[in-house]
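Student: Supplied structure: coords.csv, CSV, C-alpha atoms.
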```csv
chain,number,residue,atom,x,y,z
A,35,MET,CA,-50.7,-76.8,139.4
A,36,ILE,CA,-48.1,-76.5,136.6
A,37,HIS,CA,-47.2,-73.0,135.3
A,38,LEU,CA,-45.4,-71.7,132.2
A,39,PHE,CA,-43.4,-68.6,132.6
A,40,ARG,CA,-42.6,-66.5,129.4
A,41,PHE,CA,-40.1,-63.7,130.2
A,42,VAL,CA,-39.2,-61.2,127.5
A,43,GLU,CA,-36.3,-58.7,127.7
A,44,GLY,CA,-35.9,-56.7,124.5
A,45,VAL,CA,-35.5,-59.3,121.8
A,46,THR,CA,-34.5,-62.1,124.2
A,47,VAL,CA,-37.2,-64.6,125.3
A,48,TYR,CA,-36.9,-67.0,128.3
A,49,THR,CA,-39.4,-69.8,128.6
A,50,LEU,CA,-39.4,-71.8,131.9
A,51,THR,CA,-41.8,-74.2,133.6
A,52,SER,CA,-42.4,-75.3,137.1
A,53,ALA,CA,-43.0,-78.9,135.8
A,54,ASN,CA,-40.3,-81.5,136.2
A,55,ARG,CA,-40.0,-82.0,132.4
A,56,SER,CA,-40.0,-79.8,129.3
A,57,GLN,CA,-43.4,-78.4,128.1
A,58,SER,CA,-44.3,-77.3,124.6
A,59,TYR,CA,-46.7,-74.5,123.8
A,60,ALA,CA,-47.2,-72.2,120.9
A,61,SER,CA,-44.1,-73.6,119.1
A,62,GLU,CA,-41.9,-72.8,122.1
A,63,THR,CA,-40.3,-75.2,124.6
A,64,TYR,CA,-40.5,-74.4,128.3
A,65,GLU,CA,-37.6,-75.8,130.2
A,66,PRO,CA,-38.0,-77.1,133.8
A,67,GLU,CA,-36.6,-74.8,136.5
A,68,ALA,CA,-36.8,-74.3,140.3
A,69,ILE,CA,-39.4,-71.6,139.9
A,70,GLY,CA,-42.9,-70.9,141.3
A,71,LEU,CA,-45.6,-68.4,142.2
A,72,GLU,CA,-45.2,-66.8,145.7
A,73,SER,CA,-48.4,-64.8,145.6
A,74,ASP,CA,-52.0,-65.8,144.8
A,75,ILE,CA,-53.3,-64.0,141.7
A,76,GLU,CA,-56.9,-64.9,142.4
A,77,SER,CA,-56.8,-63.2,145.9
A,78,LYS,CA,-56.2,-59.8,144.4
A,79,GLN,CA,-59.1,-57.3,144.9
A,80,ALA,CA,-60.4,-55.6,141.7
A,81,SER,CA,-59.5,-52.2,143.1
A,82,ASP,CA,-55.9,-53.1,143.9
A,83,ARG,CA,-52.8,-53.0,141.7
A,84,ALA,CA,-52.2,-56.7,140.9
A,85,THR,CA,-48.6,-57.7,141.6
A,86,VAL,CA,-47.2,-61.2,141.3
A,87,ASP,CA,-44.0,-62.5,143.0
A,88,ILE,CA,-42.0,-65.2,141.3
A,89,GLY,CA,-39.4,-67.2,143.3
A,90,ILE,CA,-36.5,-68.6,141.3
A,91,THR,CA,-33.3,-70.4,142.2
A,92,LEU,CA,-30.2,-68.4,143.0
A,93,ASN,CA,-28.4,-70.2,140.2
A,94,SER,CA,-30.7,-68.6,137.6
A,95,VAL,CA,-28.5,-66.6,135.2
A,96,MET,CA,-31.6,-65.0,133.8
A,97,ALA,CA,-32.8,-63.7,137.2
A,98,LYS,CA,-29.3,-62.5,138.1
A,99,ARG,CA,-29.4,-60.1,135.1
A,100,TRP,CA,-32.3,-58.2,136.7
A,101,ILE,CA,-31.0,-57.7,140.2
A,102,LYS,CA,-29.5,-54.4,139.1
A,103,PRO,CA,-31.7,-51.9,137.3
A,104,ASP,CA,-31.4,-51.6,133.6
A,105,LEU,CA,-33.5,-48.9,132.0
A,106,SER,CA,-32.6,-49.9,128.4
A,107,ALA,CA,-35.3,-52.6,128.1
A,108,THR,CA,-38.5,-53.6,129.8
A,109,VAL,CA,-38.8,-57.1,131.2
A,110,THR,CA,-42.3,-58.6,130.8
A,111,LEU,CA,-43.9,-61.8,132.1
A,112,THR,CA,-46.7,-63.8,130.5
A,113,LEU,CA,-48.0,-66.5,132.8
A,114,PHE,CA,-49.8,-69.6,131.7
A,115,GLU,CA,-51.5,-72.4,133.7
A,116,ILE,CA,-51.9,-76.0,132.7
A,117,ASP,CA,-55.1,-77.5,133.9
A,118,GLY,CA,-55.5,-81.1,132.7
A,119,GLY,CA,-54.9,-80.8,128.9
A,120,THR,CA,-55.8,-77.1,128.7
A,121,ILE,CA,-53.2,-74.3,128.7
A,122,SER,CA,-54.6,-70.8,129.6
A,123,GLN,CA,-53.0,-67.4,130.0
A,124,ILE,CA,-53.8,-66.2,133.4
A,125,TRP,CA,-51.7,-63.0,133.9
A,126,SER,CA,-49.2,-60.6,132.4
A,127,GLY,CA,-47.1,-57.7,133.7
A,128,SER,CA,-43.8,-55.9,133.8
A,129,LEU,CA,-40.8,-56.3,136.2
A,130,THR,CA,-40.8,-53.7,139.0
A,131,ASN,CA,-38.4,-55.2,141.5
A,132,ALA,CA,-35.8,-58.0,142.1
A,133,LYS,CA,-34.4,-59.0,145.5
A,134,VAL,CA,-32.1,-61.7,146.7
A,135,SER,CA,-32.4,-63.8,149.9
A,136,THR,CA,-30.2,-66.6,151.2
A,137,SER,CA,-32.2,-69.2,149.3
A,138,LYS,CA,-33.7,-67.6,146.2
A,139,ILE,CA,-34.3,-64.6,143.9
A,140,THR,CA,-37.7,-63.0,144.1
A,141,LEU,CA,-39.0,-61.1,141.0
A,142,THR,CA,-42.0,-58.8,141.4
A,143,PHE,CA,-44.2,-58.0,138.4
A,144,ASP,CA,-46.9,-55.5,138.2
A,145,ASP,CA,-49.8,-55.5,135.7
A,146,GLY,CA,-49.7,-51.7,135.6
A,147,VAL,CA,-53.5,-51.2,135.6
A,148,GLY,CA,-54.2,-50.8,139.3
A,149,GLU,CA,-53.9,-47.1,139.2
A,150,ILE,CA,-56.2,-46.9,136.2
A,151,ARG,CA,-58.8,-49.1,138.0
A,152,ASN,CA,-59.0,-46.9,141.1
A,153,GLY,CA,-58.5,-43.6,139.2
A,154,SER,CA,-55.4,-42.5,141.1
A,155,ALA,CA,-53.0,-42.3,138.2
A,156,SER,CA,-51.2,-39.0,138.0
A,157,PRO,CA,-48.1,-37.6,136.1
A,158,VAL,CA,-44.7,-37.3,137.8
A,159,LEU,CA,-43.6,-33.7,138.4
A,160,GLN,CA,-39.9,-33.2,138.6
A,161,VAL,CA,-37.3,-30.7,137.3
A,162,THR,CA,-35.6,-33.1,134.9
A,163,CYS,CA,-37.5,-35.3,132.3
A,164,PRO,CA,-39.0,-38.4,133.8
A,165,TYR,CA,-39.3,-40.3,130.5
A,166,VAL,CA,-37.1,-43.2,129.5
A,167,LEU,CA,-35.0,-42.2,126.6
A,168,TYR,CA,-36.5,-43.6,123.3
A,169,GLY,CA,-39.5,-45.0,125.4
A,170,TYR,CA,-43.0,-44.0,126.1
A,171,GLY,CA,-43.5,-40.2,126.5
A,172,CYS,CA,-40.1,-39.5,124.8
A,173,PHE,CA,-41.3,-41.3,121.6
A,174,LEU,CA,-38.0,-40.8,119.8
A,175,ASP,CA,-37.0,-43.5,117.3
A,176,LYS,CA,-33.6,-44.6,118.4
A,177,ALA,CA,-32.8,-45.7,114.9
A,178,SER,CA,-32.5,-42.1,114.0
A,179,PHE,CA,-29.8,-41.6,116.6
A,180,ALA,CA,-27.7,-44.7,116.0
A,181,ASP,CA,-24.0,-45.0,115.1
A,182,ALA,CA,-22.4,-48.1,113.8
A,183,ALA,CA,-19.2,-49.1,115.7
A,184,THR,CA,-16.7,-51.8,116.4
A,185,VAL,CA,-15.4,-53.0,119.8
A,186,THR,CA,-11.6,-53.2,120.0
A,187,ALA,CA,-11.2,-54.1,123.6
A,188,VAL,CA,-13.2,-55.4,126.6
A,189,SER,CA,-12.3,-54.9,130.2
A,190,GLY,CA,-15.1,-55.8,132.6
A,191,LEU,CA,-17.9,-53.3,132.1
A,192,VAL,CA,-15.6,-51.0,130.0
A,193,LEU,CA,-15.6,-51.3,126.2
A,194,THR,CA,-13.1,-49.6,123.9
A,195,VAL,CA,-15.1,-48.3,120.9
A,196,PRO,CA,-13.0,-46.0,118.6
A,197,ALA,CA,-16.1,-44.6,116.9
A,198,ALA,CA,-17.2,-43.1,120.3
A,199,ALA,CA,-14.1,-40.8,120.2
A,200,SER,CA,-15.6,-38.9,117.3
A,201,GLN,CA,-18.1,-37.3,119.7
A,202,ALA,CA,-17.5,-35.1,122.8
A,203,ASP,CA,-17.2,-36.8,126.1
A,204,GLY,CA,-20.6,-37.7,127.5
A,205,TRP,CA,-22.3,-37.8,124.2
A,206,TYR,CA,-23.2,-41.5,124.7
A,207,SER,CA,-23.7,-41.3,128.5
A,208,GLY,CA,-27.2,-42.4,129.3
A,209,GLY,CA,-27.5,-44.0,125.9
A,210,ILE,CA,-27.6,-47.6,124.8
A,211,ILE,CA,-25.3,-50.1,123.2
A,212,LYS,CA,-26.8,-52.9,121.0
A,213,ALA,CA,-24.8,-56.1,120.8
A,214,ALA,CA,-24.7,-58.3,117.8
A,215,ASN,CA,-27.2,-60.7,119.5
A,216,GLY,CA,-29.7,-57.9,119.9
A,217,ASP,CA,-29.0,-57.4,123.6
A,218,LEU,CA,-29.5,-53.7,124.7
A,219,VAL,CA,-27.6,-52.3,127.6
A,220,MET,CA,-27.4,-48.8,129.1
A,221,ILE,CA,-24.2,-46.8,128.8
A,222,THR,CA,-23.5,-45.1,132.1
A,223,LYS,CA,-20.3,-43.2,131.1
A,224,HIS,CA,-18.6,-42.1,127.9
A,225,VAL,CA,-15.0,-40.7,127.9
A,226,GLY,CA,-13.0,-40.7,124.7
A,227,ASP,CA,-13.3,-44.1,123.1
A,228,GLN,CA,-14.3,-45.7,126.4
A,229,LEU,CA,-17.9,-46.7,127.2
A,230,THR,CA,-18.8,-48.0,130.6
A,231,LEU,CA,-21.9,-50.2,130.8
A,232,ILE,CA,-24.5,-50.7,133.6
A,233,ARG,CA,-24.0,-54.5,133.3
A,234,SER,CA,-22.0,-57.0,131.2
A,235,VAL,CA,-23.0,-57.7,127.7
A,236,ALA,CA,-22.1,-60.5,125.3
A,237,VAL,CA,-19.5,-58.7,123.1
A,238,SER,CA,-16.0,-59.6,122.0
A,239,VAL,CA,-13.2,-57.9,120.3
A,240,SER,CA,-14.0,-57.1,116.7
A,241,ASP,CA,-17.7,-57.3,117.3
A,242,ALA,CA,-19.9,-54.9,115.3
A,243,VAL,CA,-22.2,-53.0,117.6
A,244,THR,CA,-24.6,-50.1,117.5
A,245,ILE,CA,-24.4,-47.2,119.9
A,246,TYR,CA,-27.2,-44.7,120.6
A,247,ARG,CA,-26.6,-41.2,121.9
A,248,GLY,CA,-27.5,-40.5,125.5
A,249,CYS,CA,-29.5,-37.9,127.4
A,250,ASP,CA,-29.0,-36.1,130.7
A,251,ARG,CA,-32.7,-35.3,130.8
A,252,SER,CA,-32.2,-31.6,130.8
A,253,LYS,CA,-34.3,-29.2,128.7
A,254,GLU,CA,-31.3,-27.9,126.8
A,255,THR,CA,-30.2,-31.4,125.8
A,256,CYS,CA,-33.7,-32.4,124.7
A,257,ASN,CA,-33.7,-29.3,122.4
A,258,THR,CA,-30.2,-29.2,121.0
A,259,LYS,CA,-29.3,-32.9,120.9
A,260,PHE,CA,-32.7,-34.4,119.9
A,261,SER,CA,-34.9,-31.5,118.7
A,262,ASN,CA,-37.7,-33.1,120.9
A,263,LEU,CA,-38.6,-30.1,123.1
A,264,ASN,CA,-42.3,-30.4,122.4
A,265,ARG,CA,-42.3,-33.7,124.3
A,266,TYR,CA,-40.0,-32.7,127.2
A,267,GLY,CA,-41.5,-34.0,130.4
A,268,GLY,CA,-39.5,-32.0,133.0
A,269,LYS,CA,-40.7,-29.0,134.9
A,270,PRO,CA,-37.5,-26.8,135.2
A,271,TRP,CA,-39.5,-24.0,136.8
A,272,ILE,CA,-40.3,-26.0,140.0
A,273,PRO,CA,-38.8,-24.1,142.9
A,274,THR,CA,-35.8,-25.7,144.5
A,275,VAL,CA,-36.2,-23.8,147.8
A,276,ASN,CA,-38.5,-25.5,150.4
A,277,ILE,CA,-41.1,-22.8,151.1
A,278,PHE,CA,-41.9,-24.4,154.4
A,279,SER,CA,-38.3,-24.3,155.7
A,280,GLY,CA,-38.5,-20.6,156.7
A,281,THR,CA,-35.9,-19.6,154.1
A,282,PRO,CA,-37.1,-16.6,152.1
A,283,ILE,CA,-37.3,-17.0,148.3
A,284,ALA,CA,-35.1,-14.5,146.5
```
Just dump the structure as structure tokens.

Tutor:
Amino acid sequence: MIHLFRFVEGVTVYTLTSANRSQSYASETYEPEAIGLESDIESKQASDRATVDIGITLNSVMAKRWIKPDLSATVTLTLFEIDGGTISQIWSGSLTNAKVSTSKITLTFDDGVGEIRNGSASPVLQVTCPYVLYGYGCFLDKASFADAATVTAVSGLVLTVPAAASQADGWYSGGIIKAANGDLVMITKHVGDQLTLIRSVAVSVSDAVTIYRGCDRSKETCNTKFSNLNRYGGKPWIPTVNIFSGTPIA
């Protein structure tokens, strides 16, 4: 059976096929790749969360991007099946895990509805906010917190961006940088005019970029930096002392 794999990360689309030649569908070309299903979709029980494992060659630049976590963009998969002359969508979901073996990279995707099907979905309770900045739950429009900037030097994962120096250290930590090609990458550290990224991004000296302020997920930052306290998802009053340890609570 021939499959078409449509991966989307932010504004970037990757179209691959398990066939030995290119396939065309919906005005897109799917290029042949050493890729295939490692789990049987049809064997999933209706009450289970449906996950799909995709095996792909170690040489895949696309898959290598996702070995390390990047919270700035969700990676989705839409899977199609070619049966005779008919192409049908058979599954879709989001990337939840990527692992490397000696022969391949395995990508795990989850359809995200298993917990809804069996009624077990529940909110996460933690001291700091669990929501992805600018994502679901947070609901901030990142365009409202964007700053135009120019890259003046690139050294590995560290970019020199003079505009960043106009803000206090850490202002952009946990934020996002948007490259000229639309690629979104998380900023892990901000000191002066230096921005450290979670992974490499296609930028060069003199490139125009957009940088978005970051969040440390605290209640104070949510209020003073974003004025978004009504959507804060953390529970700062949760006790930090284990009541079962025998230590008295002051």

Student: Give me, as a PDB file with C-alpha atoms, in the coordinates of the input, all polymer residues having an atom no more than 12 Å from Phe41 of chain A, counting only C-alpha atoms and skipping those fewer than 4 positions away in the same chain.

Tutor:
```pdb
ATOM      1  CA  VAL A  45     -35.500 -59.300 121.800  1.00  0.00           C
ATOM      2  CA  THR A  46     -34.500 -62.100 124.200  1.00  0.00           C
ATOM      3  CA  VAL A  47     -37.200 -64.600 125.300  1.00  0.00           C
ATOM      4  CA  TYR A  48     -36.900 -67.000 128.300  1.00  0.00           C
ATOM      5  CA  THR A  49     -39.400 -69.800 128.600  1.00  0.00           C
ATOM      6  CA  LEU A  50     -39.400 -71.800 131.900  1.00  0.00           C
ATOM      7  CA  THR A  51     -41.800 -74.200 133.600  1.00  0.00           C
ATOM      8  CA  TYR A  64     -40.500 -74.400 128.300  1.00  0.00           C
ATOM      9  CA  ILE A  88     -42.000 -65.200 141.300  1.00  0.00           C
ATOM     10  CA  MET A  96     -31.600 -65.000 133.800  1.00  0.00           C
ATOM     11  CA  ALA A  97     -32.800 -63.700 137.200  1.00  0.00           C
ATOM     12  CA  TRP A 100     -32.300 -58.200 136.700  1.00  0.00           C
ATOM     13  CA  THR A 108     -38.500 -53.600 129.800  1.00  0.00           C
ATOM     14  CA  VAL A 109     -38.800 -57.100 131.200  1.00  0.00           C
ATOM     15  CA  THR A 110     -42.300 -58.600 130.800  1.00  0.00           C
ATOM     16  CA  LEU A 111     -43.900 -61.800 132.100  1.00  0.00           C
ATOM     17  CA  THR A 112     -46.700 -63.800 130.500  1.00  0.00           C
ATOM     18  CA  LEU A 113     -48.000 -66.500 132.800  1.00  0.00           C
ATOM     19  CA  PHE A 114     -49.800 -69.600 131.700  1.00  0.00           C
ATOM     20  CA  SER A 126     -49.200 -60.600 132.400  1.00  0.00           C
ATOM     21  CA  GLY A 127     -47.100 -57.700 133.700  1.00  0.00           C
ATOM     22  CA  SER A 128     -43.800 -55.900 133.800  1.00  0.00           C
ATOM     23  CA  LEU A 129     -40.800 -56.300 136.200  1.00  0.00           C
ATOM     24  CA  LEU A 141     -39.000 -61.100 141.000  1.00  0.00           C
ATOM     25  CA  PHE A 143     -44.200 -58.000 138.400  1.00  0.00           C
TER      26      PHE A 143
END
```

Student: Would you pick out the contacts of Thr142 of chain A at 7 Å or less, using all atoms listed in the file, so that residues sharing its chain but fewer than 4 positions from it are not included, and give the list as a list of chain:residue names?

Tutor: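 These residues fall inside the cut-off: A:Thr85, A:Val86, A:Asp87, A:Ile88, A:Leu129, A:Thr130, A:Asn131, A:Ala132.
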
Student: Quick one: residues within 10 Å of Val134 of chain A, all atoms listed in the file, excluding same-chain residues fewer than 4 positions away - as a list in words?

Tutor: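 So the residues in contact are Gly89, Ile90, Thr91, Leu92, Ala97, Lys98, Ile101, Lys138, Ile139, Thr140 and Leu141 of chain A.
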
Student: Name the residues in contact with segment 176-186 of chain A at a cut-off of 8 Å, using all atoms listed in the file, excluding same-chain residues fewer than 2 positions from it; report them as a PDB file with C-alpha atoms, in the coordinates of the input.

Tutor:
```pdb
ATOM      1  CA  TYR A 168     -36.500 -43.600 123.300  1.00  0.00           C
ATOM      2  CA  LEU A 174     -38.000 -40.800 119.800  1.00  0.00           C
ATOM      3  CA  VAL A 188     -13.200 -55.400 126.600  1.00  0.00           C
ATOM      4  CA  LEU A 193     -15.600 -51.300 126.200  1.00  0.00           C
ATOM      5  CA  THR A 194     -13.100 -49.600 123.900  1.00  0.00           C
ATOM      6  CA  VAL A 195     -15.100 -48.300 120.900  1.00  0.00           C
ATOM      7  CA  PRO A 196     -13.000 -46.000 118.600  1.00  0.00           C
ATOM      8  CA  ALA A 197     -16.100 -44.600 116.900  1.00  0.00           C
ATOM      9  CA  ALA A 198     -17.200 -43.100 120.300  1.00  0.00           C
ATOM     10  CA  VAL A 237     -19.500 -58.700 123.100  1.00  0.00           C
ATOM     11  CA  SER A 238     -16.000 -59.600 122.000  1.00  0.00           C
ATOM     12  CA  VAL A 239     -13.200 -57.900 120.300  1.00  0.00           C
ATOM     13  CA  SER A 240     -14.000 -57.100 116.700  1.00  0.00           C
ATOM     14  CA  ASP A 241     -17.700 -57.300 117.300  1.00  0.00           C
ATOM     15  CA  ALA A 242     -19.900 -54.900 115.300  1.00  0.00           C
ATOM     16  CA  VAL A 243     -22.200 -53.000 117.600  1.00  0.00           C
ATOM     17  CA  THR A 244     -24.600 -50.100 117.500  1.00  0.00           C
ATOM     18  CA  ILE A 245     -24.400 -47.200 119.900  1.00  0.00           C
ATOM     19  CA  TYR A 246     -27.200 -44.700 120.600  1.00  0.00           C
ATOM     20  CA  ARG A 247     -26.600 -41.200 121.900  1.00  0.00           C
TER      21      ARG A 247
END
```

Student: Work out how far atom CA of Gly190 of chain A is from atom CA of Ser234 of chain A, in Å to one decimal.

Tutor: 7.1 Å

Student: Just give me the gap between atom CA of Glu43 of chain A and atom CA of Ile232 of chain A in Å, one decimal is fine.

Tutor: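 Atom-to-atom, atom CA of Glu43 of chain A and atom CA of Ile232 of chain A are spaced 15.4 Å apart.
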
Student: Any idea what the distance is between atom CA of Leu191 of chain A and atom CA of Thr230 of chain A?

Tutor: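 The value is 5.6 Å.
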
Student: Env of Tyr266 of chain A: 12 Å cut, atoms = all atoms listed in the file, seq-sep filter 6 positions within chain, self excluded. Answer as a PyMOL selection string.

Tutor: chain A and resi 159-167+170-174+249+251-257+260
